[in-house]
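Enquirer: If you scroll down you'll find the structure; I have some questions about it.
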Amino acid sequence: MEFKEVIGRRRSIRFFEPDRPVEREKIQTILEAARLASCAVNAHWAKAIVVERDQLSEEKLERLKTPVSALNIELAPVHIYWYADLSVVNRIQGSRLKELVDVGALAPTHGWSHKFVDEFVYPQVLRPMTEGPGYAVAAAADCGVTICQALLTAFDEGLGACLSAFNSAIAKELFQVPDEWVPLYCLALGYPAESWEAGGQRPRPPFEEQYFEGEHGHPFQRDQAVVEKLKQAKMIQRPATPNNPERTEEIKRLAERLGLPM
Amino acid sequence: MSDLQPLTSYATVQTWLDGLRQHWGGDPERDDPERLEALEAFCRFAEKDPDAVIDECVQVRNGEKRIRAKGRRRYADLIAQFQSQVQGSRLRRAKWGNAVRSFLIHNGILLQAGLQAGERGDNPNPGAGEAPDSG
């Protein structure tokens, strides 16, 4: 699939084929995509634990459920639990930045050297950053890039996926999660039981409300010609509409098939 | 519990029926009268009227209405017990349990109970809905 179409087709899928396993190769592909994500100071805070639902006992699966995510957890054959490892910066102490210097990604043209990393970046910027109140937020934002890459790859592989919060206390106990890891999201993964269109692209706030040009309050002007081009490229697709009878029927069919309340 | 009044006289039942009507269309009372039958049977099973069921799942704290986790858990368990003793096929038991869950859901009590129609492994149609150009 073309990149723009992958973005256009991604929806949070909440109805999975409960009995159709996800090929291990596809799971690895998703993780490979995550590993290649852009990351500040090359730290790579994002860590993931892949769990096959059917490897969990019924009792463990029940304990993992939350009121909001219980059904996703039960329907999705694979769960990927994402974390931010806050210990990584003080463990690697700038060494991965120096790798970037060595391969020419960070060059003297932009002021970079091993000495700069050792004497300034790590001791004066990174280490103090790890002690500041905004550290976890920064690390989590960075992990978001990684998780997004994994998410989009899932759709490129023909899978459906949905991110949701999870019961971190239970997951920590069941999966031996280190203390330094901050829980982020669970990526529920499986083959969609709903149509890939799933009612259409989900409602989003108006473009001009979100993005500005030059200064806050001055909306970035949206060019309709670009919008049309993106429709051609299938990035912008038919929007979901309220009370769409086709979607209502689809959910009814799924509810009946899977035995879900309506 | 004193004897139940006609179910549609309860405000929470009206909220439920309105929710069903708005979300799914049609006339929920006429289209599937078994729903009300299931809720009435549950109320007798739990010895609570519909308004009392919802009341036990919510609380008002600092002027804000909140879901009472203990109440919800209690009713999730009670519904599962109720469902297991419904006479008939597994599908009918699931239908009756889900009718009660639907009553809570449309009254704002989020409740997920997982697959009710079948165990995992019973899926008759794996593969439906796969992206046509996957991979």
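FYI, nothing fancy with the structure tokens labels: chains A, B, ... in order, residues from 1 per chain, ligands from 1 as they appear.
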Find the residues of chain A in contact range of chain B, meaning any atom within 7 Å when counting only C-alpha atoms, and list them as a PDB file with C-alpha atoms, in the first residue's frame.
Expert:
```pdb
ATOM      1  CA  GLU A  17     -11.523 -11.892  14.422  1.00  0.00           C
ATOM      2  CA  PRO A  18     -10.963 -13.583  17.755  1.00  0.00           C
ATOM      3  CA  ASP A  19      -9.802 -16.890  16.321  1.00  0.00           C
ATOM      4  CA  ARG A  20      -7.634 -15.767  13.470  1.00  0.00           C
ATOM      5  CA  PRO A  67     -13.952  -1.591  32.002  1.00  0.00           C
ATOM      6  CA  ALA A  70     -12.064  -5.594  28.272  1.00  0.00           C
ATOM      7  CA  LEU A  71     -13.519  -6.423  24.886  1.00  0.00           C
ATOM      8  CA  GLU A  74     -10.566 -10.449  24.660  1.00  0.00           C
ATOM      9  CA  ASP A 156       0.034  -1.823   6.020  1.00  0.00           C
ATOM     10  CA  GLU A 157       0.231  -5.520   6.895  1.00  0.00           C
ATOM     11  CA  GLY A 158      -3.548  -5.857   6.488  1.00  0.00           C
ATOM     12  CA  TYR A 191      -7.482  -9.226  11.709  1.00  0.00           C
ATOM     13  CA  PRO A 192     -10.490  -6.930  11.555  1.00  0.00           C
ATOM     14  CA  ALA A 193     -13.902  -8.500  11.884  1.00  0.00           C
ATOM     15  CA  GLU A 194     -15.391  -5.230  10.701  1.00  0.00           C
ATOM     16  CA  SER A 195     -14.946  -3.936   7.167  1.00  0.00           C
ATOM     17  CA  TRP A 196     -11.690  -2.069   6.693  1.00  0.00           C
ATOM     18  CA  THR A 248     -25.342   0.653  12.075  1.00  0.00           C
ATOM     19  CA  LEU A 258     -20.045 -12.122  18.644  1.00  0.00           C
ATOM     20  CA  GLY A 259     -22.802 -11.955  21.220  1.00  0.00           C
ATOM     21  CA  LEU A 260     -22.313  -8.367  22.323  1.00  0.00           C
ATOM     22  CA  PRO A 261     -24.842  -6.068  23.963  1.00  0.00           C
ATOM     23  CA  MET A 262     -26.577  -3.444  21.894  1.00  0.00           C
TER      24      MET A 262
END
```
Enquirer: Can you pull out every residue within 12 Å of stretch 97-103 of chain A, counting only C-alpha atoms, but drop anything in the same chain fewer than 5 positions away, and send it as a list of chain:residue names?
Expert: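 Neighbouring residues, sequence-local ones excluded: A:Cys39, A:Ala40, A:Val41, A:Asn42, A:Ala43, A:His44, A:Val89, A:Ile92, A:Pro108, A:Thr109, A:His110, A:Gly111, A:Trp112, A:Ser113, A:His114, A:Lys115, A:Phe116, A:Val117, A:Asp118, A:Val121, A:Tyr122, A:Leu126.
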Enquirer: Could those selected residues go to a file with N, CA and C atoms, as an mmCIF file, in the first residue's frame?
Expert:
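File produced: selection39.cif:
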```cif
data_model
loop_
_atom_site.group_PDB
_atom_site.id
_atom_site.type_symbol
_atom_site.label_atom_id
_atom_site.label_comp_id
_atom_site.auth_asym_id
_atom_site.auth_seq_id
_atom_site.Cartn_x
_atom_site.Cartn_y
_atom_site.Cartn_z
ATOM 1 N N CYS A 39 13.925 9.340 16.946
ATOM 2 C CA CYS A 39 13.943 9.397 18.406
ATOM 3 C C CYS A 39 14.942 10.440 18.884
ATOM 4 N N ALA A 40 14.500 11.294 19.793
ATOM 5 C CA ALA A 40 15.371 12.345 20.322
ATOM 6 C C ALA A 40 16.604 11.712 20.955
ATOM 7 N N VAL A 41 17.730 12.321 20.721
ATOM 8 C CA VAL A 41 19.051 11.903 21.216
ATOM 9 C C VAL A 41 19.308 10.399 21.038
ATOM 10 N N ASN A 42 18.604 9.817 20.116
ATOM 11 C CA ASN A 42 18.770 8.395 19.788
ATOM 12 C C ASN A 42 18.648 7.507 21.035
ATOM 13 N N ALA A 43 17.832 7.954 21.970
ATOM 14 C CA ALA A 43 17.753 7.235 23.253
ATOM 15 C C ALA A 43 16.916 5.961 23.142
ATOM 16 N N HIS A 44 15.840 6.044 22.418
ATOM 17 C CA HIS A 44 14.909 4.907 22.261
ATOM 18 C C HIS A 44 14.337 4.446 23.595
ATOM 19 N N VAL A 89 18.429 6.914 29.471
ATOM 20 C CA VAL A 89 19.347 8.037 29.227
ATOM 21 C C VAL A 89 20.576 7.955 30.136
ATOM 22 N N ILE A 92 22.862 4.853 29.020
ATOM 23 C CA ILE A 92 23.708 4.922 27.810
ATOM 24 C C ILE A 92 24.609 6.164 27.807
ATOM 25 N N PRO A 108 30.264 17.582 12.377
ATOM 26 C CA PRO A 108 30.834 18.856 12.843
ATOM 27 C C PRO A 108 30.212 20.067 12.153
ATOM 28 N N THR A 109 29.688 19.859 10.932
ATOM 29 C CA THR A 109 29.013 20.973 10.229
ATOM 30 C C THR A 109 27.894 21.568 11.087
ATOM 31 N N HIS A 110 27.329 20.712 11.950
ATOM 32 C CA HIS A 110 26.248 21.173 12.810
ATOM 33 C C HIS A 110 26.706 21.284 14.270
ATOM 34 N N GLY A 111 28.033 21.266 14.444
ATOM 35 C CA GLY A 111 28.590 21.508 15.766
ATOM 36 C C GLY A 111 28.820 20.274 16.618
ATOM 37 N N TRP A 112 28.646 19.093 16.045
ATOM 38 C CA TRP A 112 28.693 17.888 16.878
ATOM 39 C C TRP A 112 30.077 17.253 16.925
ATOM 40 N N SER A 113 30.424 16.716 18.089
ATOM 41 C CA SER A 113 31.662 15.955 18.287
ATOM 42 C C SER A 113 31.474 15.061 19.503
ATOM 43 N N HIS A 114 32.346 14.054 19.631
ATOM 44 C CA HIS A 114 32.290 13.189 20.825
ATOM 45 C C HIS A 114 32.483 14.024 22.082
ATOM 46 N N LYS A 115 33.407 14.965 21.982
ATOM 47 C CA LYS A 115 33.740 15.772 23.165
ATOM 48 C C LYS A 115 32.528 16.600 23.613
ATOM 49 N N PHE A 116 31.813 17.132 22.627
ATOM 50 C CA PHE A 116 30.607 17.927 22.941
ATOM 51 C C PHE A 116 29.585 17.063 23.688
ATOM 52 N N VAL A 117 29.432 15.812 23.221
ATOM 53 C CA VAL A 117 28.467 14.905 23.874
ATOM 54 C C VAL A 117 28.929 14.594 25.298
ATOM 55 N N ASP A 118 30.228 14.232 25.432
ATOM 56 C CA ASP A 118 30.732 13.796 26.742
ATOM 57 C C ASP A 118 30.784 14.929 27.770
ATOM 58 N N VAL A 121 26.645 17.712 26.402
ATOM 59 C CA VAL A 121 25.273 17.223 26.162
ATOM 60 C C VAL A 121 24.797 16.306 27.284
ATOM 61 N N TYR A 122 25.608 15.279 27.580
ATOM 62 C CA TYR A 122 25.117 14.358 28.629
ATOM 63 C C TYR A 122 25.124 15.022 30.013
ATOM 64 N N LEU A 126 21.310 16.252 29.241
ATOM 65 C CA LEU A 126 20.507 15.031 29.360
ATOM 66 C C LEU A 126 20.339 14.580 30.807
#
```
Enquirer: Identify, on the basis of only C-alpha atoms, every residue whose closest approach to A:Thr146 does not exceed 12 Å; exclude the query and any residue fewer than 4 positions from it along the same chain; express the result as a PDB file with C-alpha atoms, in the first residue's frame.
Expert:
```pdb
ATOM      1  CA  ILE A  30       5.595  -4.076  13.236  1.00  0.00           C
ATOM      2  CA  LEU A  31       8.392  -4.138  15.803  1.00  0.00           C
ATOM      3  CA  GLU A  32      11.025  -3.589  13.124  1.00  0.00           C
ATOM      4  CA  ALA A  33       9.131  -0.478  12.011  1.00  0.00           C
ATOM      5  CA  ALA A  34       8.999   0.742  15.600  1.00  0.00           C
ATOM      6  CA  ARG A  35      12.727   0.283  16.023  1.00  0.00           C
ATOM      7  CA  LEU A  36      13.413   2.528  13.036  1.00  0.00           C
ATOM      8  CA  ALA A  37      11.363   5.441  14.356  1.00  0.00           C
ATOM      9  CA  SER A  38      12.845   8.864  14.829  1.00  0.00           C
ATOM     10  CA  CYS A  39      13.943   9.397  18.406  1.00  0.00           C
ATOM     11  CA  ALA A  40      15.371  12.345  20.322  1.00  0.00           C
ATOM     12  CA  ASN A  42      18.770   8.395  19.788  1.00  0.00           C
ATOM     13  CA  ALA A  43      17.753   7.235  23.253  1.00  0.00           C
ATOM     14  CA  HIS A  44      14.909   4.907  22.261  1.00  0.00           C
ATOM     15  CA  TRP A  45      12.788   5.013  25.358  1.00  0.00           C
ATOM     16  CA  ALA A  46      10.063   2.877  23.806  1.00  0.00           C
ATOM     17  CA  LYS A  47       9.960  -0.734  24.935  1.00  0.00           C
ATOM     18  CA  ALA A  48       7.295  -3.282  24.121  1.00  0.00           C
ATOM     19  CA  TRP A  82       4.150  -0.226  25.238  1.00  0.00           C
ATOM     20  CA  TYR A  83       6.328   1.426  27.854  1.00  0.00           C
ATOM     21  CA  ALA A  84       8.785   4.281  28.197  1.00  0.00           C
ATOM     22  CA  ALA A 139       9.963  10.525  26.883  1.00  0.00           C
ATOM     23  CA  ALA A 140       6.310   9.570  26.382  1.00  0.00           C
ATOM     24  CA  ALA A 141       5.951  12.016  23.491  1.00  0.00           C
ATOM     25  CA  ASP A 142       8.967  10.451  21.881  1.00  0.00           C
ATOM     26  CA  ALA A 150       4.086   0.405  14.679  1.00  0.00           C
ATOM     27  CA  LEU A 151       0.411   1.269  14.370  1.00  0.00           C
ATOM     28  CA  LEU A 152       0.643   2.318  10.733  1.00  0.00           C
ATOM     29  CA  THR A 153       2.694  -0.750   9.883  1.00  0.00           C
ATOM     30  CA  LEU A 184       1.838   3.955  27.910  1.00  0.00           C
ATOM     31  CA  TYR A 185      -0.615   2.036  25.749  1.00  0.00           C
TER      32      TYR A 185
END
```
Enquirer: Using DSSP on the backbone, list every residue of stretch 114-236 of chain A that comes out as strand (DSSP E or B), and give them as a VMD selection string.
Expert: chain A and resid 160 to 164 181 to 190 192 201 212 to 213 215 to 219
Enquirer: Leaving out stretch 50-61 of chain B and any residue of its chain fewer than 3 positions from it, which residues lie within 8 Å of it when counting only C-alpha atoms, given as a list in words?
Expert: Leu7, Tyr10, Ala11, Thr12, Val13, Cys43, Glu64, Lys65, Arg66, Ile67, Arg68, Ala69, Lys70, Gly71, Arg72, Tyr75, Leu104, Asn107 and Ile109 of chain B
Enquirer: Show which residues sit within 10 Å of B:Ala46, as an MDAnalysis selection string. Count only C-alpha atoms, and ignore same-chain residues fewer than 6 positions away.
Expert: chainID B and resid 1 40 53 75 78:79 81:82
Enquirer: If we count only C-alpha atoms and set the cut-off at 12 Å, which residues sit around stretch 225-229 of chain A, ignoring sequence neighbours fewer than 5 positions away in its own chain? Please answer as a PyMOL selection string.
Expert: chain A and resi 4+207+234-237
Enquirer: Write a file of the selected residues as a PDB file, in the first residue's frame, keeping N, CA and C atoms.
Expert:
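Result file follows (again12.pdb):
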```pdb
ATOM      1  N   LYS A   4       0.516   7.197   1.809  1.00  0.00           N
ATOM      2  CA  LYS A   4      -0.627   8.075   2.112  1.00  0.00           C
ATOM      3  C   LYS A   4      -1.905   7.262   2.315  1.00  0.00           C
ATOM      4  N   PHE A 207      -9.280  21.645  10.374  1.00  0.00           N
ATOM      5  CA  PHE A 207      -7.845  21.857  10.125  1.00  0.00           C
ATOM      6  C   PHE A 207      -7.369  23.191  10.716  1.00  0.00           C
ATOM      7  N   LYS A 234      -5.918   8.739  -1.667  1.00  0.00           N
ATOM      8  CA  LYS A 234      -6.639   7.940  -0.653  1.00  0.00           C
ATOM      9  C   LYS A 234      -6.186   8.209   0.776  1.00  0.00           C
ATOM     10  N   MET A 235      -5.544   9.355   0.969  1.00  0.00           N
ATOM     11  CA  MET A 235      -5.204   9.721   2.347  1.00  0.00           C
ATOM     12  C   MET A 235      -6.420  10.345   3.026  1.00  0.00           C
ATOM     13  N   ILE A 236      -7.102  11.192   2.317  1.00  0.00           N
ATOM     14  CA  ILE A 236      -8.356  11.719   2.835  1.00  0.00           C
ATOM     15  C   ILE A 236      -9.470  10.899   2.187  1.00  0.00           C
ATOM     16  N   GLN A 237     -10.257  10.272   3.024  1.00  0.00           N
ATOM     17  CA  GLN A 237     -11.277   9.345   2.523  1.00  0.00           C
ATOM     18  C   GLN A 237     -12.662   9.761   2.999  1.00  0.00           C
TER      19      GLN A 237
END
```
Enquirer: Please give the complete set of residues from stretch 114-251 of chain A that DSSP, run on the backbone, assigns to helix (DSSP H, G or I), formatted as an MDAnalysis selection string.
Expert: chainID A and resid 114:131 135:156 168:175 207:210 224:232 245:251
Enquirer: Pick the closest to B:Arg44 from B:Gln5, B:Arg93, B:Asp32, B:Asn62: which is it, counting only C-alpha atoms?
Expert: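 Among the listed residues, B:Gln5 lies closest to B:Arg44.
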Enquirer: Measure the distance from atom CA of B:Asp77 to atom CA of B:Asp49 in Å and round it to one decimal.
Expert: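 Distance between the two atoms: 17.2 Å.
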Enquirer: Provide the atom CA of A:Gln201 to atom CA of A:Arg11 distance in Å, to one decimal place.
Expert: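 Computed distance, atom CA of A:Gln201 to atom CA of A:Arg11, equals 6.9 Å.
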Enquirer: With distances taken over only C-alpha atoms, which residue among A:Asn243, A:Asn72, A:Gln224, A:Thr130 lies nearest A:Leu86?
Expert: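 Looking at the shortest contact to A:Leu86, the residue is A:Thr130.
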Enquirer: How many Å lie between atom CA of A:Cys186 and atom CA of A:His79, rounded to one decimal?
Expert: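 Pair atom CA of A:Cys186 / atom CA of A:His79 returns 6.4 Å.
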